[in-house]
>>> print(open('query-v1.tsv').read())   # TSV, C-alpha atoms
chain	number	residue	atom	x	y	z
A	1	MET	CA	-51.82	-34.28	-70.21
A	2	SER	CA	-55.29	-33.07	-69.47
A	3	GLY	CA	-56.76	-29.60	-69.59
A	4	GLU	CA	-58.18	-27.27	-72.16
A	5	ILE	CA	-55.80	-26.19	-74.93
A	6	GLU	CA	-56.41	-23.30	-77.29
A	7	ILE	CA	-54.03	-22.21	-80.05
A	8	ARG	CA	-54.52	-18.86	-81.72
A	9	GLN	CA	-52.51	-16.68	-84.04
A	10	ALA	CA	-50.84	-13.74	-82.31
A	11	ASP	CA	-51.52	-10.12	-83.10
A	12	LYS	CA	-49.48	-6.97	-82.50
A	13	GLU	CA	-50.81	-6.55	-78.97
A	14	ASP	CA	-49.15	-9.84	-77.99
A	15	ALA	CA	-45.55	-8.64	-78.56
A	16	ASP	CA	-44.75	-7.91	-74.91
A	17	ALA	CA	-46.21	-11.22	-73.70
A	18	ILE	CA	-44.24	-13.09	-76.39
A	19	ARG	CA	-41.02	-11.37	-75.32
A	20	SER	CA	-41.66	-12.10	-71.64
A	21	LEU	CA	-42.47	-15.79	-72.14
A	22	THR	CA	-39.51	-16.25	-74.49
A	23	ARG	CA	-37.09	-14.64	-72.03
A	24	GLU	CA	-38.38	-16.89	-69.24
A	25	ALA	CA	-38.19	-20.03	-71.38
A	26	TYR	CA	-34.65	-19.42	-72.62
A	27	ALA	CA	-33.16	-18.13	-69.33
A	28	LYS	CA	-32.06	-21.63	-68.33
A	29	TRP	CA	-29.70	-21.75	-71.33
A	30	VAL	CA	-27.72	-18.60	-70.46
A	31	PRO	CA	-25.26	-20.37	-68.08
A	32	LEU	CA	-24.76	-23.18	-70.61
A	33	VAL	CA	-23.91	-20.98	-73.61
A	34	GLY	CA	-22.45	-18.02	-71.72
A	35	ARG	CA	-24.75	-15.46	-73.34
A	36	GLU	CA	-28.43	-14.85	-73.97
A	37	PRO	CA	-29.76	-16.99	-76.82
A	38	LEU	CA	-30.90	-14.75	-79.70
A	39	PRO	CA	-34.66	-15.21	-79.07
A	40	MET	CA	-34.19	-13.46	-75.71
A	41	SER	CA	-33.20	-10.18	-77.37
A	42	ALA	CA	-35.39	-10.26	-80.48
A	43	ASP	CA	-37.66	-7.31	-81.26
A	44	TYR	CA	-41.04	-9.01	-81.23
A	45	HIS	CA	-42.89	-5.85	-82.26
A	46	LYS	CA	-40.97	-6.05	-85.57
A	47	ALA	CA	-41.04	-9.83	-85.81
A	48	LEU	CA	-44.85	-9.87	-85.61
A	49	ASN	CA	-44.91	-7.88	-88.85
A	50	LYS	CA	-42.79	-10.46	-90.69
A	51	HIS	CA	-43.37	-13.86	-89.06
A	52	ARG	CA	-46.32	-15.89	-87.88
A	53	PHE	CA	-46.67	-16.55	-84.17
A	54	ASP	CA	-49.11	-19.08	-82.78
A	55	LEU	CA	-49.81	-18.90	-79.07
A	56	LEU	CA	-50.84	-21.88	-76.98
A	57	PHE	CA	-53.08	-21.32	-73.97
A	58	TRP	CA	-53.45	-24.15	-71.49
A	59	GLU	CA	-56.37	-23.84	-69.09
A	60	GLY	CA	-56.63	-20.16	-70.02
A	61	GLU	CA	-52.95	-19.35	-69.33
A	62	PHE	CA	-50.50	-18.27	-72.05
A	63	ALA	CA	-48.13	-21.21	-71.84
A	64	ALA	CA	-46.18	-21.57	-75.09
A	65	LEU	CA	-45.55	-20.19	-78.56
A	66	ILE	CA	-44.18	-21.08	-81.94
A	67	GLU	CA	-42.79	-18.64	-84.52
A	68	THR	CA	-42.74	-19.73	-88.17
A	69	ILE	CA	-41.48	-18.22	-91.42
A	70	PRO	CA	-42.55	-19.39	-94.88
A	71	HIS	CA	-39.74	-19.97	-97.39
A	72	ASP	CA	-39.92	-21.01	-101.03
A	73	ASP	CA	-39.70	-24.74	-100.36
A	74	HIS	CA	-40.29	-25.20	-96.62
A	75	LEU	CA	-41.72	-23.74	-93.44
A	76	LEU	CA	-39.06	-22.69	-90.93
A	77	ILE	CA	-39.65	-22.88	-87.20
A	78	LYS	CA	-37.67	-19.92	-85.90
A	79	ASN	CA	-38.63	-20.16	-82.25
A	80	ILE	CA	-40.53	-22.47	-79.97
A	81	ALA	CA	-40.81	-21.51	-76.32
A	82	VAL	CA	-42.67	-23.03	-73.39
A	83	SER	CA	-42.94	-21.23	-70.07
A	84	PRO	CA	-40.80	-22.90	-67.38
A	85	SER	CA	-43.83	-23.86	-65.28
A	86	ASN	CA	-45.34	-25.67	-68.27
A	87	GLN	CA	-42.28	-27.48	-69.61
A	88	GLY	CA	-42.49	-31.26	-69.73
A	89	LYS	CA	-46.27	-31.29	-70.25
A	90	GLY	CA	-46.28	-32.00	-73.99
A	91	LEU	CA	-47.03	-28.43	-75.07
A	92	GLY	CA	-43.95	-28.16	-77.29
A	93	ARG	CA	-44.98	-31.32	-79.09
A	94	LYS	CA	-48.50	-29.91	-79.57
A	95	LEU	CA	-47.01	-26.79	-81.16
A	96	LEU	CA	-44.72	-28.82	-83.42
A	97	ASP	CA	-47.72	-30.89	-84.55
A	98	HIS	CA	-49.58	-27.62	-85.16
A	99	ALA	CA	-46.67	-26.27	-87.26
A	100	GLU	CA	-46.55	-29.46	-89.31
A	101	ARG	CA	-50.29	-29.18	-90.06
A	102	LEU	CA	-49.79	-25.50	-90.94
A	103	ALA	CA	-46.92	-26.38	-93.28
A	104	ALA	CA	-49.01	-29.05	-95.00
A	105	SER	CA	-51.95	-26.64	-95.37
A	106	LEU	CA	-49.60	-24.16	-97.08
A	107	GLY	CA	-48.49	-26.82	-99.55
A	108	TYR	CA	-45.06	-27.53	-98.06
A	109	SER	CA	-43.59	-31.02	-97.96
A	110	GLU	CA	-40.81	-30.09	-95.54
A	111	ILE	CA	-40.43	-28.27	-92.25
A	112	LYS	CA	-37.10	-27.06	-90.82
A	113	LEU	CA	-35.75	-25.76	-87.53
A	114	TYR	CA	-32.44	-25.12	-85.84
A	115	THR	CA	-31.12	-25.20	-82.32
A	116	ASN	CA	-27.88	-24.86	-80.40
A	117	LYS	CA	-25.89	-28.10	-80.26
A	118	LEU	CA	-25.40	-27.57	-76.51
A	119	PHE	CA	-29.19	-27.91	-76.10
A	120	ALA	CA	-28.73	-31.68	-76.46
A	121	GLY	CA	-32.14	-32.45	-74.95
A	122	ASN	CA	-33.78	-30.39	-77.69
A	123	VAL	CA	-31.84	-32.19	-80.44
A	124	THR	CA	-32.89	-35.55	-78.97
A	125	PHE	CA	-36.51	-34.39	-78.64
A	126	TYR	CA	-36.67	-33.23	-82.27
A	127	HIS	CA	-35.00	-36.43	-83.45
A	128	ARG	CA	-37.62	-38.51	-81.58
A	129	LEU	CA	-40.30	-36.60	-83.48
A	130	GLY	CA	-38.81	-37.48	-86.85
A	131	TYR	CA	-36.48	-34.53	-87.49
A	132	GLN	CA	-33.12	-35.35	-89.06
A	133	VAL	CA	-29.88	-33.40	-88.81
A	134	GLU	CA	-29.29	-31.62	-92.10
A	135	ARG	CA	-26.05	-29.87	-91.15
A	136	GLU	CA	-24.12	-28.19	-88.35
A	137	GLU	CA	-22.54	-24.72	-88.56
A	138	ASP	CA	-20.35	-22.67	-86.27
A	139	PHE	CA	-22.27	-19.74	-84.82
A	140	MET	CA	-21.27	-17.15	-82.20
A	141	GLY	CA	-18.73	-19.42	-80.53
A	142	GLY	CA	-21.03	-22.44	-80.62
A	143	VAL	CA	-22.61	-24.78	-83.13
A	144	SER	CA	-26.07	-24.54	-84.67
A	145	VAL	CA	-27.77	-27.80	-85.58
A	146	TYR	CA	-30.09	-27.49	-88.59
A	147	MET	CA	-32.79	-30.13	-88.74
A	148	ASN	CA	-35.57	-31.00	-91.17
A	149	LYS	CA	-38.57	-33.28	-91.46
A	150	ALA	CA	-40.58	-34.39	-94.46
A	151	ILE	CA	-44.31	-33.93	-93.94
>>> encode(input="query-v1.tsv", output="structure tokens")
Amino acid sequence: MSGEIEIRQADKEDADAIRSLTREAYAKWVPLVGREPLPMSADYHKALNKHRFDLLFWEGEFAALIETIPHDDHLLIKNIAVSPSNQGKGLGRKLLDHAERLAASLGYSEIKLYTNKLFAGNVTFYHRLGYQVEREEDFMGGVSVYMNKAI
């Protein structure tokens, strides 16, 4: 992948752009799960007050984001979204690397995330990057896969 990448922390003015990109990124999953995944209906104006969002710009275009939440003993990745036109370019991996560096800088030795079990490509992708399945739980008629990685 070539091109200029910039990652910056979001501010309150970014809420609408975050919502739009997230809705676009998750739209492909609606037919698979039979409903909108939760990130599609989140209130990003509220979330920006409670969570950290880092936005990735590729060649000047808002292309991807990652939402993280600090916990007592780990950093949780709540949402990672890449615009459909930029999927498959390594931007998600860049954001995961960014989150791991952020977690380490905050003194965490572990990072966690979760995804829908039906998003098998995501589970495989996270596993390739060193994430391990911690547990699976029933959720809204499906199964959530909780994963973690020591950093």
>>> residues_around(input="query-v1.tsv", residues="Ser109 (chain A)", least_positions_apart="4", cutoff="9 Å", atoms="only C-alpha atoms", output="count of residues only")
8
>>> closest_residue(input="query-v1.tsv", among="A:Gln132, A:Ser105, A:Thr22, A:Asn49", to="Glu36 (chain A)", atoms="all atoms listed in the file")
A:Thr22
>>> closest_atom_pairs(input="query-v1.tsv", of="region 60-82 of chain A", to="region 3-14 of chain A", cutoff="10 Å", atoms="all atoms listed in the file", output="tab-separated table")
residue	atom	partner	partner_atom	distance
A:Gly60	CA	A:Glu4	CA	7.6
A:Glu61	CA	A:Ile5	CA	9.3
A:Phe62	CA	A:Glu6	CA	9.4
A:Ala63	CA	A:Ile5	CA	9.7
A:Ala64	CA	A:Ile7	CA	9.3
A:Leu65	CA	A:Ile7	CA	8.8
A:Ile66	CA	A:Gln9	CA	9.7
A:Glu67	CA	A:Ala10	CA	9.7
>>> closest_residue(input="query-v1.tsv", among="A:Glu134, A:Lys117, A:Ser83, A:Lys78", to="Arg23 (chain A)", atoms="only C-alpha atoms")
A:Ser83
>>> atom_distance(input="query-v1.tsv", atom1="CA of Leu113 (chain A)", atom2="CA of Glu136 (chain A)")
11.9 Å
>>> atom_distance(input="query-v1.tsv", atom1="CA of Gly121 (chain A)", atom2="CA of Leu56 (chain A)")
21.6 Å
>>> closest_residue(input="query-v1.tsv", among="A:Leu76, A:Lys89, A:Ala81, A:Thr68", to="Ala27 (chain A)", atoms="only C-alpha atoms")
A:Ala81
>>> atom_distance(input="query-v1.tsv", atom1="CA of Tyr114 (chain A)", atom2="CA of Val145 (chain A)")
5.4 Å
>>> closest_residue(input="query-v1.tsv", among="A:Leu48, A:Met140, A:Met40, A:Val33", to="Ser20 (chain A)", atoms="all atoms listed in the file")
A:Met40
>>> residues_around(input="query-v1.tsv", residues="Asp43 (chain A)", least_positions_apart="4", cutoff="9 Å", atoms="all atoms listed in the file", output="list of chain:residue names")
A:Ala15, A:Arg19, A:Pro39, A:Ala47, A:Leu48
>>> closest_residue(input="query-v1.tsv", among="A:Tyr44, A:Phe119, A:Tyr131, A:Phe139", to="Trp29 (chain A)", atoms="only C-alpha atoms")
A:Phe119
>>> residues_around(input="query-v1.tsv", residues="Phe125 (chain A)", least_positions_apart="6", cutoff="12 Å", atoms="all atoms listed in the file", output="list in words")
Gly88, Gly90, Gly92, Arg93, Leu96, Thr115, Phe119, Tyr131, Gln132 and Met147 of chain A
>>> closest_residue(input="query-v1.tsv", among="A:Lys46, A:Gly142, A:Asp97, A:Tyr26", to="Asn79 (chain A)", atoms="all atoms listed in the file")
A:Tyr26
>>> residues_around(input="query-v1.tsv", residues="Ala120 (chain A)", least_positions_apart="6", cutoff="12 Å", atoms="all atoms listed in the file", output="list in words")
Trp29, Leu32, Tyr126, His127, Val143, Ser144 and Val145 of chain A
>>> decode(input="query-v1.tsv", residues="region 3-29 of chain A", atoms="N, CA and C atoms", output="compact mmCIF listing (two decimals), in the first residue's frame")
# COMPACT_ATOMS: atom_id res chain seq x y z
N GLY A 3 0.86 5.67 -0.45
CA GLY A 3 -0.01 6.82 -0.23
C GLY A 3 0.20 7.38 1.16
N GLU A 4 -0.15 8.62 1.32
CA GLU A 4 0.05 9.31 2.59
C GLU A 4 -1.06 8.95 3.57
N ILE A 5 -0.65 8.53 4.77
CA ILE A 5 -1.59 8.18 5.84
C ILE A 5 -1.41 9.15 6.99
N GLU A 6 -2.53 9.64 7.49
CA GLU A 6 -2.54 10.48 8.69
C GLU A 6 -3.58 9.90 9.63
N ILE A 7 -3.22 9.78 10.90
CA ILE A 7 -4.17 9.36 11.93
C ILE A 7 -4.26 10.48 12.95
N ARG A 8 -5.50 10.89 13.24
CA ARG A 8 -5.69 11.93 14.24
C ARG A 8 -6.87 11.58 15.13
N GLN A 9 -6.84 12.08 16.34
CA GLN A 9 -7.94 11.85 17.26
C GLN A 9 -9.14 12.69 16.83
N ALA A 10 -10.32 12.10 16.91
CA ALA A 10 -11.54 12.78 16.51
C ALA A 10 -11.94 13.81 17.55
N ASP A 11 -12.72 14.79 17.09
CA ASP A 11 -13.35 15.73 18.00
C ASP A 11 -14.85 15.73 17.74
N LYS A 12 -15.59 16.51 18.50
CA LYS A 12 -17.05 16.47 18.44
C LYS A 12 -17.61 16.79 17.05
N GLU A 13 -16.89 17.58 16.28
CA GLU A 13 -17.36 17.94 14.94
C GLU A 13 -17.30 16.76 13.97
N ASP A 14 -16.64 15.68 14.36
CA ASP A 14 -16.49 14.52 13.48
C ASP A 14 -17.64 13.50 13.61
N ALA A 15 -18.58 13.73 14.51
CA ALA A 15 -19.61 12.73 14.81
C ALA A 15 -20.39 12.30 13.57
N ASP A 16 -20.82 13.23 12.76
CA ASP A 16 -21.62 12.87 11.58
C ASP A 16 -20.80 12.08 10.56
N ALA A 17 -19.55 12.44 10.38
CA ALA A 17 -18.68 11.71 9.45
C ALA A 17 -18.41 10.29 9.97
N ILE A 18 -18.24 10.16 11.28
CA ILE A 18 -18.03 8.84 11.88
C ILE A 18 -19.26 7.96 11.65
N ARG A 19 -20.42 8.53 11.90
CA ARG A 19 -21.67 7.77 11.71
C ARG A 19 -21.82 7.34 10.25
N SER A 20 -21.56 8.24 9.32
CA SER A 20 -21.71 7.94 7.91
C SER A 20 -20.75 6.83 7.47
N LEU A 21 -19.48 6.95 7.83
CA LEU A 21 -18.50 5.94 7.43
C LEU A 21 -18.84 4.59 8.06
N THR A 22 -19.25 4.60 9.33
CA THR A 22 -19.58 3.35 10.01
C THR A 22 -20.78 2.68 9.34
N ARG A 23 -21.80 3.44 9.02
CA ARG A 23 -22.98 2.87 8.35
C ARG A 23 -22.59 2.25 7.00
N GLU A 24 -21.74 2.94 6.25
CA GLU A 24 -21.29 2.41 4.95
C GLU A 24 -20.49 1.12 5.14
N ALA A 25 -19.60 1.12 6.12
CA ALA A 25 -18.71 -0.02 6.32
C ALA A 25 -19.47 -1.27 6.78
N TYR A 26 -20.47 -1.08 7.60
CA TYR A 26 -21.21 -2.22 8.16
C TYR A 26 -22.40 -2.66 7.31
N ALA A 27 -22.78 -1.89 6.31
CA ALA A 27 -23.97 -2.21 5.50
C ALA A 27 -23.89 -3.60 4.89
N LYS A 28 -22.72 -4.05 4.52
CA LYS A 28 -22.58 -5.36 3.89
C LYS A 28 -22.97 -6.51 4.81
N TRP A 29 -23.00 -6.26 6.13
CA TRP A 29 -23.31 -7.32 7.08
C TRP A 29 -24.81 -7.47 7.33
